[in-house]
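*Asks:* Next comes the structure file query_28.txt, holding compact mmCIF, C-alpha atoms.
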```txt
# COMPACT_ATOMS: atom_id res chain seq x y z
CA MET A 1 14.45 36.84 16.68
CA HIS A 2 16.07 35.25 13.61
CA PRO A 3 15.49 37.28 10.39
CA SER A 4 13.64 34.36 8.74
CA GLU A 5 11.34 34.07 11.79
CA LEU A 6 10.70 37.83 11.61
CA ILE A 7 9.76 37.58 7.91
CA GLU A 8 7.45 34.63 8.69
CA THR A 9 5.80 36.51 11.58
CA ASN A 10 5.25 39.59 9.39
CA LEU A 11 3.74 37.40 6.67
CA TYR A 12 1.33 35.83 9.16
CA ARG A 13 0.34 39.33 10.36
CA GLU A 14 -0.23 40.45 6.76
CA LYS A 15 -2.35 37.34 6.06
CA GLU A 16 -4.27 37.89 9.31
CA ARG A 17 -4.96 41.54 8.42
CA THR A 18 -6.07 40.70 4.87
CA LEU A 19 -8.47 37.97 6.03
CA PHE A 20 -9.92 40.30 8.68
CA TYR A 21 -10.55 43.08 6.13
CA GLY A 22 -12.08 40.46 3.81
CA PHE A 23 -14.48 39.46 6.59
CA ILE A 24 -15.39 43.08 7.38
CA TRP A 25 -16.08 43.92 3.72
CA SER A 26 -18.23 40.80 3.27
CA ALA A 27 -20.17 41.59 6.48
CA VAL A 28 -20.73 45.26 5.51
CA PHE A 29 -22.49 44.21 2.28
CA LEU A 30 -24.77 41.58 3.83
CA LEU A 31 -27.53 43.94 5.03
CA PRO A 32 -27.90 46.00 1.79
CA LYS A 33 -27.80 42.77 -0.25
CA THR A 34 -30.57 41.27 1.88
CA VAL A 35 -32.65 44.42 1.33
CA ALA A 36 -32.02 44.19 -2.43
CA VAL A 37 -33.18 40.52 -2.49
CA VAL A 38 -36.42 41.37 -0.64
CA LEU A 39 -37.16 44.43 -2.83
CA SER A 40 -36.29 42.82 -6.17
CA ASN A 41 -37.65 39.24 -5.87
CA SER A 42 -34.57 38.18 -7.89
CA VAL A 43 -33.06 34.66 -7.60
CA VAL A 44 -29.76 35.84 -9.03
CA LEU A 45 -29.48 38.39 -6.22
CA LEU A 46 -30.44 35.67 -3.72
CA ALA A 47 -27.65 33.46 -5.11
CA ASP A 48 -25.29 36.39 -4.78
CA LEU A 49 -26.40 36.96 -1.17
CA LEU A 50 -25.79 33.28 -0.29
CA LYS A 51 -22.40 33.48 -1.95
CA SER A 52 -21.60 36.54 0.18
CA ILE A 53 -22.78 34.80 3.37
CA SER A 54 -20.46 31.84 2.51
CA LYS A 55 -17.61 34.25 1.91
CA CYS A 56 -18.27 36.05 5.18
CA ILE A 57 -18.31 32.81 7.23
CA ALA A 58 -15.25 31.53 5.36
CA SER A 59 -13.28 34.74 5.97
CA LEU A 60 -14.14 34.65 9.67
CA ALA A 61 -13.14 30.96 9.98
CA SER A 62 -9.90 31.54 8.05
CA TRP A 63 -9.05 34.60 10.13
CA LEU A 64 -9.58 32.68 13.40
CA SER A 65 -7.55 29.77 12.02
CA ILE A 66 -4.61 31.96 10.99
CA ARG A 67 -4.66 33.66 14.41
CA ARG A 68 -4.53 30.25 16.08
CA VAL A 69 -1.66 29.13 13.85
CA ALA A 70 0.30 32.33 14.53
CA LYS A 71 -0.28 32.21 18.30
CA GLY A 72 -0.17 28.49 18.88
CA LYS A 73 3.26 27.45 17.64
CA ASP A 74 4.21 25.49 20.73
CA PHE A 75 5.74 22.04 21.10
CA SER A 76 2.45 20.12 21.20
CA TYR A 77 1.82 19.87 17.44
CA ASN A 78 4.99 20.16 15.36
CA PHE A 79 3.14 19.62 12.07
CA GLY A 80 -0.55 19.83 13.02
CA TYR A 81 -0.97 23.62 13.09
CA GLY A 82 -0.27 23.80 9.39
CA LYS A 83 -3.08 21.33 8.80
CA LEU A 84 -5.49 23.67 10.54
CA GLU A 85 -5.31 25.77 7.37
CA ASN A 86 -6.38 22.76 5.28
CA LEU A 87 -9.23 21.97 7.68
CA THR A 88 -10.45 25.56 7.44
CA SER A 89 -10.43 25.28 3.65
CA LEU A 90 -12.62 22.17 3.94
CA VAL A 91 -15.10 24.06 6.19
CA LEU A 92 -15.17 26.76 3.51
CA ALA A 93 -16.02 24.13 0.87
CA GLY A 94 -18.82 22.80 3.11
CA VAL A 95 -20.38 26.28 3.34
CA LEU A 96 -20.22 26.58 -0.45
CA ILE A 97 -22.00 23.26 -0.94
CA ILE A 98 -24.84 24.27 1.42
CA SER A 99 -25.26 27.51 -0.59
CA LEU A 100 -25.38 25.46 -3.79
CA LEU A 101 -28.23 23.33 -2.46
CA VAL A 102 -30.25 26.43 -1.51
CA ILE A 103 -29.67 28.05 -4.93
CA GLY A 104 -30.60 24.76 -6.68
CA TYR A 105 -33.91 24.62 -4.79
CA GLU A 106 -34.76 28.26 -5.61
CA VAL A 107 -33.91 27.86 -9.31
CA TYR A 108 -36.04 24.72 -9.57
CA HIS A 109 -38.95 26.54 -7.93
CA ARG A 110 -38.55 29.60 -10.23
CA PHE A 111 -38.51 27.48 -13.39
CA LEU A 112 -41.77 25.84 -12.33
CA HIS A 113 -43.37 29.18 -11.38
CA PRO A 114 -41.67 32.04 -13.31
CA GLU A 115 -42.00 35.49 -11.72
CA HIS A 116 -41.10 39.04 -12.75
CA ILE A 117 -38.45 40.88 -10.78
CA HIS A 118 -39.08 44.40 -9.42
CA ASP A 119 -37.28 47.36 -11.02
CA PHE A 120 -36.55 49.45 -7.92
CA GLY A 121 -35.00 46.55 -6.02
CA VAL A 122 -32.97 45.59 -9.09
CA TRP A 123 -31.41 49.05 -9.49
CA PHE A 124 -30.63 49.14 -5.79
CA GLY A 125 -29.08 45.66 -6.08
CA LEU A 126 -27.06 46.73 -9.12
CA LEU A 127 -25.51 49.58 -7.19
CA ILE A 128 -24.49 47.28 -4.33
CA VAL A 129 -23.14 44.53 -6.62
CA ALA A 130 -21.12 47.03 -8.69
CA ALA A 131 -19.46 48.40 -5.54
CA LYS A 132 -18.71 44.86 -4.37
CA PHE A 133 -17.28 44.02 -7.81
CA VAL A 134 -14.62 46.75 -7.44
CA ILE A 135 -13.65 45.51 -3.97
CA ASP A 136 -13.50 41.86 -5.12
CA VAL A 137 -11.13 42.75 -7.96
CA TYR A 138 -8.85 44.54 -5.46
CA PHE A 139 -8.76 41.58 -3.02
CA TRP A 140 -8.33 39.08 -5.89
CA HIS A 141 -5.06 40.73 -6.94
CA HIS A 142 -3.90 41.50 -3.41
CA ASP A 143 -4.45 37.93 -2.06
CA ARG A 144 -2.93 36.33 -5.14
CA HIS A 145 0.21 38.37 -4.51
CA LEU A 146 0.33 37.17 -0.86
CA ALA A 147 -0.33 33.54 -1.88
CA LYS A 148 2.59 33.68 -4.31
CA ILE A 149 4.96 34.86 -1.58
CA ASP A 150 3.81 32.48 1.17
CA ASN A 151 2.40 29.44 -0.68
CA SER A 152 -0.44 29.30 1.89
CA PRO A 153 -3.50 27.08 1.17
CA ILE A 154 -5.80 29.62 2.84
CA MET A 155 -4.55 32.52 0.72
CA VAL A 156 -4.74 30.39 -2.44
CA SER A 157 -8.36 29.44 -1.72
CA HIS A 158 -9.16 33.07 -0.91
CA TRP A 159 -7.79 34.68 -4.06
CA LYS A 160 -9.62 32.06 -6.11
CA PHE A 161 -12.75 32.85 -4.13
CA TYR A 162 -12.40 36.58 -4.89
CA ARG A 163 -11.80 35.85 -8.58
CA ALA A 164 -14.95 33.72 -8.69
CA ASP A 165 -16.76 36.49 -6.79
CA ALA A 166 -15.68 39.18 -9.24
CA ILE A 167 -16.70 37.12 -12.30
CA ALA A 168 -19.96 36.07 -10.65
CA ASN A 169 -20.74 39.71 -9.82
CA GLY A 170 -20.24 40.50 -13.52
CA VAL A 171 -22.81 37.80 -14.35
CA VAL A 172 -25.24 39.24 -11.76
CA ILE A 173 -24.89 42.75 -13.21
CA LEU A 174 -25.45 41.50 -16.77
CA SER A 175 -28.39 39.30 -15.80
CA LEU A 176 -30.14 42.10 -13.89
CA ILE A 177 -29.66 44.66 -16.67
CA ILE A 178 -31.05 42.24 -19.31
CA SER A 179 -34.03 41.36 -17.07
CA VAL A 180 -34.98 45.01 -16.53
CA VAL A 181 -34.21 46.46 -19.98
CA PHE A 182 -35.95 43.67 -21.93
CA LYS A 183 -38.69 42.95 -19.39
CA ASN A 184 -41.49 43.00 -22.03
CA ILE A 185 -39.96 40.23 -24.13
CA SER A 186 -41.53 36.83 -23.53
CA GLY A 187 -39.29 34.29 -21.76
CA ILE A 188 -37.17 37.02 -20.13
CA LYS A 189 -38.35 35.75 -16.72
CA TYR A 190 -35.95 32.83 -17.15
CA VAL A 191 -32.85 35.06 -17.43
CA ASP A 192 -32.81 35.56 -13.66
CA PRO A 193 -32.75 31.83 -12.70
CA ILE A 194 -30.32 31.10 -15.56
CA GLY A 195 -27.96 33.77 -14.17
CA SER A 196 -28.10 32.08 -10.77
CA ILE A 197 -27.23 28.71 -12.35
CA ILE A 198 -24.05 30.32 -13.74
CA ILE A 199 -23.21 31.61 -10.26
CA ALA A 200 -23.88 28.13 -8.84
CA GLY A 201 -21.37 26.81 -11.40
CA PHE A 202 -18.69 29.15 -10.03
CA LEU A 203 -19.43 28.04 -6.47
CA LEU A 204 -19.28 24.36 -7.48
CA SER A 205 -15.97 24.83 -9.25
CA SER A 206 -14.50 26.65 -6.21
CA ALA A 207 -15.78 23.95 -3.83
CA TYR A 208 -14.32 21.14 -5.96
CA GLY A 209 -10.91 22.82 -6.23
CA ILE A 210 -10.71 23.51 -2.49
CA VAL A 211 -11.85 20.01 -1.45
CA SER A 212 -9.48 18.14 -3.78
CA LYS A 213 -6.44 20.23 -2.78
CA SER A 214 -7.12 20.27 0.97
CA LEU A 215 -7.95 16.55 1.21
CA TYR A 216 -4.78 15.64 -0.68
CA ASP A 217 -2.67 17.70 1.72
CA LEU A 218 -4.51 16.45 4.81
CA LEU A 219 -3.79 12.88 3.74
CA ASP A 220 -0.10 13.79 3.36
CA GLY A 221 -0.06 13.49 -0.42
CA THR A 222 3.40 13.93 -1.93
CA LEU A 223 4.38 17.28 -3.41
CA GLU A 224 3.28 18.05 -6.93
CA GLU A 225 5.22 16.79 -9.93
CA SER A 226 6.87 20.12 -10.77
CA LEU A 227 8.46 20.26 -7.29
CA GLN A 228 9.51 16.60 -7.42
CA LEU A 229 11.41 17.41 -10.62
CA VAL A 230 13.16 20.30 -8.87
CA ILE A 231 14.30 17.96 -6.06
CA LEU A 232 15.59 15.42 -8.59
CA ARG A 233 17.37 18.17 -10.54
CA GLU A 234 19.35 19.12 -7.43
CA LEU A 235 20.15 15.47 -6.66
CA ALA A 236 21.34 15.06 -10.25
CA ALA A 237 23.59 18.11 -9.84
CA PHE A 238 25.31 16.41 -6.87
CA PHE A 239 25.32 12.96 -8.50
CA ASP A 240 28.98 12.19 -7.68
CA ASP A 241 28.80 13.42 -4.07
CA TYR A 242 26.82 10.51 -2.63
CA LYS A 243 27.18 6.76 -3.00
CA GLU A 244 23.59 5.59 -3.20
CA PHE A 245 20.15 7.09 -3.42
CA HIS A 246 17.59 5.40 -1.16
CA GLY A 247 14.49 7.51 -1.64
CA ILE A 248 12.51 10.71 -1.10
CA ARG A 249 9.34 11.40 0.82
CA SER A 250 7.50 14.71 0.91
CA ARG A 251 4.36 16.33 2.22
CA ARG A 252 2.77 19.68 2.87
CA SER A 253 1.62 21.12 6.19
CA GLY A 254 -0.09 24.47 5.69
CA SER A 255 2.36 26.70 3.86
CA HIS A 256 5.35 24.53 4.85
CA LEU A 257 6.74 21.82 2.57
CA PHE A 258 8.59 18.96 4.23
CA ILE A 259 11.07 16.96 2.17
CA ASP A 260 13.07 13.98 3.49
CA ILE A 261 15.88 12.57 1.35
CA PHE A 262 17.72 9.34 2.16
CA LEU A 263 21.27 9.11 0.84
CA GLU A 264 24.18 6.73 1.43
CA PHE A 265 27.73 8.07 1.50
CA ASP A 266 31.13 6.52 0.94
CA ASN A 267 32.40 4.61 4.01
CA GLU A 268 35.79 6.32 3.66
CA LYS A 269 34.30 9.80 3.97
CA LYS A 270 34.59 11.66 7.27
CA MET A 271 31.41 12.76 9.01
CA GLY A 272 32.46 16.40 8.57
CA GLU A 273 32.66 15.95 4.77
CA ILE A 274 29.28 14.22 4.70
CA TYR A 275 27.70 17.10 6.64
CA GLN A 276 29.20 19.61 4.22
CA THR A 277 27.67 17.77 1.24
CA ILE A 278 24.32 17.44 3.01
CA GLU A 279 24.34 21.15 3.81
CA LYS A 280 25.09 22.09 0.20
CA ILE A 281 22.26 19.93 -1.19
CA ARG A 282 19.83 21.08 1.51
CA ARG A 283 20.54 24.79 0.85
CA ARG A 284 20.16 24.35 -2.91
CA ILE A 285 16.78 22.63 -2.62
CA GLU A 286 15.44 25.07 -0.01
CA LYS A 287 16.50 27.96 -2.25
CA SER A 288 14.81 26.39 -5.29
CA ILE A 289 11.58 25.54 -3.42
CA PRO A 290 10.37 28.46 -1.27
CA GLY A 291 8.81 27.37 2.03
CA SER A 292 10.55 23.98 2.03
CA ASN A 293 12.20 22.30 5.02
CA VAL A 294 14.66 19.72 3.72
CA THR A 295 16.08 16.92 5.87
CA ILE A 296 18.79 14.71 4.38
CA THR A 297 19.39 11.51 6.29
CA PRO A 298 22.61 9.55 5.72
CA THR A 299 21.54 5.90 5.75
CA ARG A 300 22.34 2.47 4.36
CA ILE A 301 18.77 1.25 4.63
CA PRO A 302 16.53 1.59 1.56
CA PHE A 303 13.51 3.78 2.25
CA VAL A 304 10.24 1.89 1.77
CA MET B 1 3.31 -1.16 -17.93
CA GLU B 2 5.13 -4.04 -19.61
CA ILE B 3 8.86 -4.77 -19.28
CA LYS B 4 10.58 -7.04 -21.79
CA GLU B 5 14.04 -8.40 -21.05
CA ASN B 6 16.51 -9.30 -23.77
CA LYS B 7 20.16 -10.30 -23.25
CA LYS B 8 22.63 -9.25 -25.99
CA ASP B 9 26.15 -10.43 -25.11
CA ALA B 10 27.29 -8.42 -22.08
CA VAL B 11 24.38 -6.01 -22.34
CA LEU B 12 20.89 -6.43 -20.91
CA LEU B 13 18.16 -4.69 -22.90
CA LEU B 14 15.00 -3.67 -21.05
CA GLU B 15 12.11 -2.56 -23.23
CA LEU B 16 9.42 -0.51 -21.50
CA LYS B 17 5.87 -0.22 -22.79
CA GLY B 18 3.14 2.04 -21.39
CA ARG B 19 3.44 4.62 -18.63
CA LEU B 20 6.15 4.85 -15.98
CA ASP B 21 4.44 6.69 -13.13
CA ALA B 22 3.85 6.43 -9.37
CA SER B 23 1.76 3.27 -9.75
CA THR B 24 4.02 1.39 -12.19
CA SER B 25 7.41 2.51 -10.85
CA PRO B 26 7.50 -0.07 -7.99
CA LYS B 27 7.36 -2.85 -10.63
CA PHE B 28 10.18 -1.22 -12.60
CA GLN B 29 12.23 -0.71 -9.44
CA LYS B 30 11.81 -4.38 -8.49
CA LYS B 31 12.98 -5.42 -11.97
CA ILE B 32 15.99 -3.10 -12.08
CA LEU B 33 17.14 -4.08 -8.58
CA SER B 34 16.77 -7.78 -9.35
CA VAL B 35 18.86 -7.58 -12.55
CA ILE B 36 21.57 -5.56 -10.81
CA GLU B 37 21.65 -8.01 -7.90
CA GLY B 38 21.81 -10.78 -10.52
CA GLY B 39 25.14 -9.32 -11.68
CA GLU B 40 24.10 -7.25 -14.72
CA LYS B 41 26.27 -4.16 -15.12
CA ASN B 42 25.47 -2.86 -18.58
CA LEU B 43 21.85 -1.88 -19.02
CA VAL B 44 20.16 -0.41 -22.08
CA ILE B 45 16.63 0.80 -21.53
CA ASP B 46 14.53 1.13 -24.67
CA PHE B 47 11.91 3.88 -24.38
CA SER B 48 10.37 3.49 -27.88
CA ASP B 49 6.99 2.37 -26.50
CA LEU B 50 7.03 4.46 -23.35
CA ASP B 51 4.25 7.06 -23.43
CA TYR B 52 4.97 8.91 -20.21
CA ILE B 53 7.52 9.14 -17.41
CA SER B 54 6.91 10.85 -14.07
CA SER B 55 9.31 11.84 -11.30
CA ALA B 56 8.65 8.42 -9.70
CA GLY B 57 10.12 6.75 -12.80
CA LEU B 58 13.11 9.10 -12.77
CA ARG B 59 13.76 8.20 -9.13
CA VAL B 60 14.03 4.51 -10.04
CA LEU B 61 16.50 5.38 -12.78
CA LEU B 62 18.56 7.47 -10.33
CA LEU B 63 18.52 4.60 -7.84
CA GLY B 64 19.68 2.16 -10.54
CA ALA B 65 22.35 4.52 -11.86
CA LYS B 66 23.85 4.96 -8.39
CA LYS B 67 23.88 1.22 -7.72
CA LEU B 68 25.62 0.55 -11.04
CA GLN B 69 28.12 3.38 -10.54
CA SER B 70 29.58 1.56 -7.52
CA VAL B 71 30.25 -1.57 -9.64
CA ASP B 72 31.53 0.34 -12.70
CA GLY B 73 28.35 -0.31 -14.61
CA LYS B 74 25.95 2.12 -16.26
CA ILE B 75 22.50 2.67 -17.71
CA VAL B 76 22.17 3.89 -21.29
CA LEU B 77 18.84 5.10 -22.67
CA ALA B 78 17.52 4.68 -26.21
CA CYS B 79 14.70 5.94 -28.43
CA LEU B 80 13.20 8.62 -26.18
CA ALA B 81 10.20 10.51 -27.52
CA ASP B 82 10.60 14.29 -27.45
CA HIS B 83 8.13 14.80 -24.59
CA VAL B 84 9.92 12.14 -22.50
CA LYS B 85 13.33 13.66 -23.28
CA GLU B 86 11.99 17.03 -22.12
CA VAL B 87 11.26 15.58 -18.65
CA PHE B 88 14.87 14.33 -18.45
CA ASP B 89 16.13 17.79 -19.44
CA ILE B 90 13.97 19.55 -16.81
CA ALA B 91 15.17 17.17 -14.08
CA GLY B 92 18.80 17.62 -15.13
CA PHE B 93 19.09 13.88 -15.86
CA SER B 94 20.49 14.49 -19.33
CA VAL B 95 23.93 14.89 -17.74
CA ILE B 96 23.69 11.56 -15.88
CA PHE B 97 22.43 9.30 -18.65
CA PRO B 98 23.79 8.88 -22.19
CA PHE B 99 21.02 8.95 -24.85
CA TYR B 100 20.92 7.23 -28.23
CA ASP B 101 18.37 7.50 -31.03
CA ALA B 102 18.68 3.79 -31.93
CA THR B 103 18.80 0.76 -29.61
CA GLU B 104 21.65 -0.79 -31.63
CA ASP B 105 23.80 2.30 -31.09
CA ALA B 106 23.08 2.19 -27.36
CA ILE B 107 24.18 -1.47 -27.20
CA LYS B 108 27.31 -0.74 -29.27
CA SER B 109 28.28 2.04 -26.85
CA PHE B 110 29.36 -0.64 -24.36
CA GLU B 111 31.88 -2.17 -26.78
```
Go ahead and express the file in the form of structure tokens.
*Replies:*
Amino acid sequence: MHPSELIETNLYREKERTLFYGFIWSAVFLLPKTVAVVLSNSVVLLADLLKSISKCIASLASWLSIRRVAKGKDFSYNFGYGKLENLTSLVLAGVLIISLLVIGYEVYHRFLHPEHIHDFGVWFGLLIVAAKFVIDVYFWHHDRHLAKIDNSPIMVSHWKFYRADAIANGVVILSLIISVVFKNISGIKYVDPIGSIIIAGFLLSSAYGIVSKSLYDLLDGTLEESLQLVILRELAAFFDDYKEFHGIRSRRSGSHLFIDIFLEFDNEKKMGEIYQTIEKIRRRIEKSIPGSNVTITPTRIPFV
Amino acid sequence: MEIKENKKDAVLLLELKGRLDASTSPKFQKKILSVIEGGEKNLVIDFSDLDYISSAGLRVLLLGAKKLQSVDGKIVLACLADHVKEVFDIAGFSVIFPFYDATEDAIKSFE
């Protein structure tokens, strides 16, 4: 196996392992969180439970998707397997939106008919949420590190998910403590539904970010501006080595970036010289943009 | 984006107004290719009223610069705002294109 293939395989295994542990941790907390919701009568804990169910389903879907990508690299879909990651991210966003609708309904109901939450269930819930907070912070940093190395849409959506989870858990903890400590103050019944609105805000923001990024990539949107400038910088560095510049096209498929550059070379140049130049430019761009696959086509036809 | 054309002896001055991005670059590319095919070799592009340039705009400039290089012509840029100049620096285009603070100086550079 080529060293670069070995590194890629190890990265996929690491991603697979991380997503599997993420799923297990989410699943482990579902039962105690459900108990806490029933005992406490708290909407903020219900919102947190729905968020956890979304996370659990998302982790499972992402894990299965990564396994399929790692196993299924055959000749049938040269680019399509990368898009499976984007599709999984969209499923994840769909789960988030369903959770939002449920939270919205519960909050509306609780504002119309305010209710007290129950102390015992709240303290039990606090214990669970605090433990989950510690785990979320760990996965947030761990997945962000992996996403930086591999540039994978799944890992990016997951570390953002864990960040939102950790902050949301902080809001849950604060909201529950205020509700219990100041329970005799009038109007305190509204703290619980207000806390769940804040959590809903986090879910909405995550869903929007995931949908906009994944749809753009699924529709083969060009690479972001910062990367386009890197490509142009390398072409500028080799300005005198080609005769004409006919265009660039780029897209993303999973964690792979595909860049096609169309250049015209001097008629007097030998094919061997042209290949040497192409190789130099290709290597420079691939070094500057991790995860990129650069193809430089010598052509006289302008790219449309 | 608006493009004004102004001929000054052997130099063609193009004044850009607005934003040069992915949606307006095709218009700019059409203009630059048509003037080069029309035989213009010395181009000055005035950026005084240009608010923004994206990589799509830079690509058109690269395309034009390469076309003119083969006929011993060149593109000279004038009056770039600091934030526009920064984009040129990041893309390494500062070594390809000569810059002038005043349009008159850019035109004189061809003498």
*Asks:* Using all atoms listed in the file, which residues sit within 12 Å of region 216-222 of chain A once same-chain residues fewer than 5 positions away are excluded, as a count of residues only?
*Replies:* 35
*Asks:* Based on all atoms listed in the file, which of the residues in chain A come within 7 Å of chain B? I want them as a JSON list (two decimals) with C-alpha atoms, in the frame of the given file.
*Replies:*
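Saved to iface30.json:
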```json
[["chain", "number", "residue", "atom", "x", "y", "z"],
["A", 225, "GLU", "CA", 5.22, 16.79, -9.93],
["A", 228, "GLN", "CA", 9.51, 16.60, -7.42],
["A", 229, "LEU", "CA", 11.41, 17.41, -10.62],
["A", 230, "VAL", "CA", 13.16, 20.30, -8.87],
["A", 232, "LEU", "CA", 15.59, 15.42, -8.59],
["A", 233, "ARG", "CA", 17.37, 18.17, -10.54],
["A", 236, "ALA", "CA", 21.34, 15.06, -10.25],
["A", 243, "LYS", "CA", 27.18, 6.76, -3.00],
["A", 244, "GLU", "CA", 23.59, 5.59, -3.20],
["A", 245, "PHE", "CA", 20.15, 7.09, -3.42],
["A", 246, "HIS", "CA", 17.59, 5.40, -1.16]]
```
*Asks:* Could you tell me how far CA of Ile107 (chain B) sits from CA of Leu14 (chain B), in Å to one decimal place?
*Replies:* 11.3 Å
*Asks:* Specify the axis-aligned box that encloses all atoms of region 28-44 of chain A listed in the file after padding of 5 Å on each side, stating its centre and edge lengths in Å to one decimal as JSON.
*Replies:*
```
{"center_x": -29.2, "center_y": 40.3, "center_z": -1.8, "size_x": 26.9, "size_y": 21.3, "size_z": 24.5}
```
*Asks:* Write out as a list in words the residues lying within 9 Å of region 48-50 of chain B, counting only C-alpha atoms and excluding same-chain residues fewer than 5 positions away.
*Replies:*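 My list of contacting residues is Met1, Glu15, Leu16, Lys17, Gly18, Arg19, Leu20, Ala78, Cys79, Leu80, Ala81 and Val84 of chain B.
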*Asks:* Can you work out which one of A:Ile117, A:Val37, A:Leu203, A:Leu101 has the shortest atom-to-atom distance to Lys55 (chain A), counting all atoms listed in the file?
*Replies:*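 Nearest candidate to Lys55 (chain A) out of A:Ile117, A:Val37, A:Leu203, A:Leu101: A:Leu203.
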*Asks:* Would you list the contacts of region 31-35 of chain A as a list in words, taking every protein, DNA or RNA residue within 10 Å and counting only C-alpha atoms, but skipping same-chain residues closer than 2 positions in sequence?
*Replies:*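 Contacts, with the query itself left out: Ser26, Ala27, Val28, Phe29, Val37, Val38, Leu39, Ser40, Leu45, Leu46, Asp48, Leu49, Leu50, Ser52, Gly121, Phe124, Gly125, Leu126, Leu127, Ile128 and Val129 of chain A.
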*Asks:* Can you measure CA of Val180 (chain A) to CA of His116 (chain A) for me? One decimal in Å is fine.
*Replies:*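 CA of Val180 (chain A) sits 9.3 Å away from CA of His116 (chain A).
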*Asks:* How would you write as a list of chain:residue names the residues that get within 10 Å of (21.7, -4.3, -11.9) in the file's frame, counting only C-alpha atoms?
*Replies:*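 I get B:Leu12, B:Lys31, B:Ile32, B:Leu33, B:Ser34, B:Val35, B:Ile36, B:Glu37, B:Gly38, B:Gly39, B:Glu40, B:Lys41, B:Asn42, B:Leu43, B:Gly64, B:Ala65, B:Lys67, B:Leu68, B:Val71, B:Gly73, B:Lys74, B:Ile75 for the residues within 10 Å of that point.
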*Asks:* Dig up all the protein and nucleic acid residues within 12 Å of (-5.3, 41.7, 6.9) in the file frame, using all atoms listed in the file, and format them as a list of chain:residue names.
*Replies:*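 So the residues meeting the distance criterion are A:Asn10, A:Leu11, A:Tyr12, A:Arg13, A:Glu14, A:Lys15, A:Glu16, A:Arg17, A:Thr18, A:Leu19, A:Phe20, A:Tyr21, A:Gly22, A:Phe23, A:Ile24, A:Trp25, A:Ser59, A:Leu60, A:Ser62, A:Trp63, A:Leu64, A:Ile66, A:Arg67, A:Phe139, A:His142, A:Asp143, A:Leu146, A:Met155.
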*Asks:* Between CA of Thr103 (chain B) and CA of Asp46 (chain B), what is the distance, to one decimal in Å?
*Replies:*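 CA of Thr103 (chain B) sits 6.5 Å away from CA of Asp46 (chain B).
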*Asks:* Of the residues B:Lys27, B:Ile45, B:Val76, B:Glu86, which is the one nearest to Phe110 (chain B), using only C-alpha atoms?
*Replies:*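 Comparing B:Lys27, B:Ile45, B:Val76, B:Glu86 against Phe110 (chain B), the winner is B:Val76.
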*Asks:* Rank nothing, just name the residue among B:Tyr52, B:Leu61, B:Phe99, B:Asn6 nearest to Pro26 (chain B), using only C-alpha atoms.
*Replies:*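 Using only C-alpha atoms, Pro26 (chain B) sits closest to B:Leu61.
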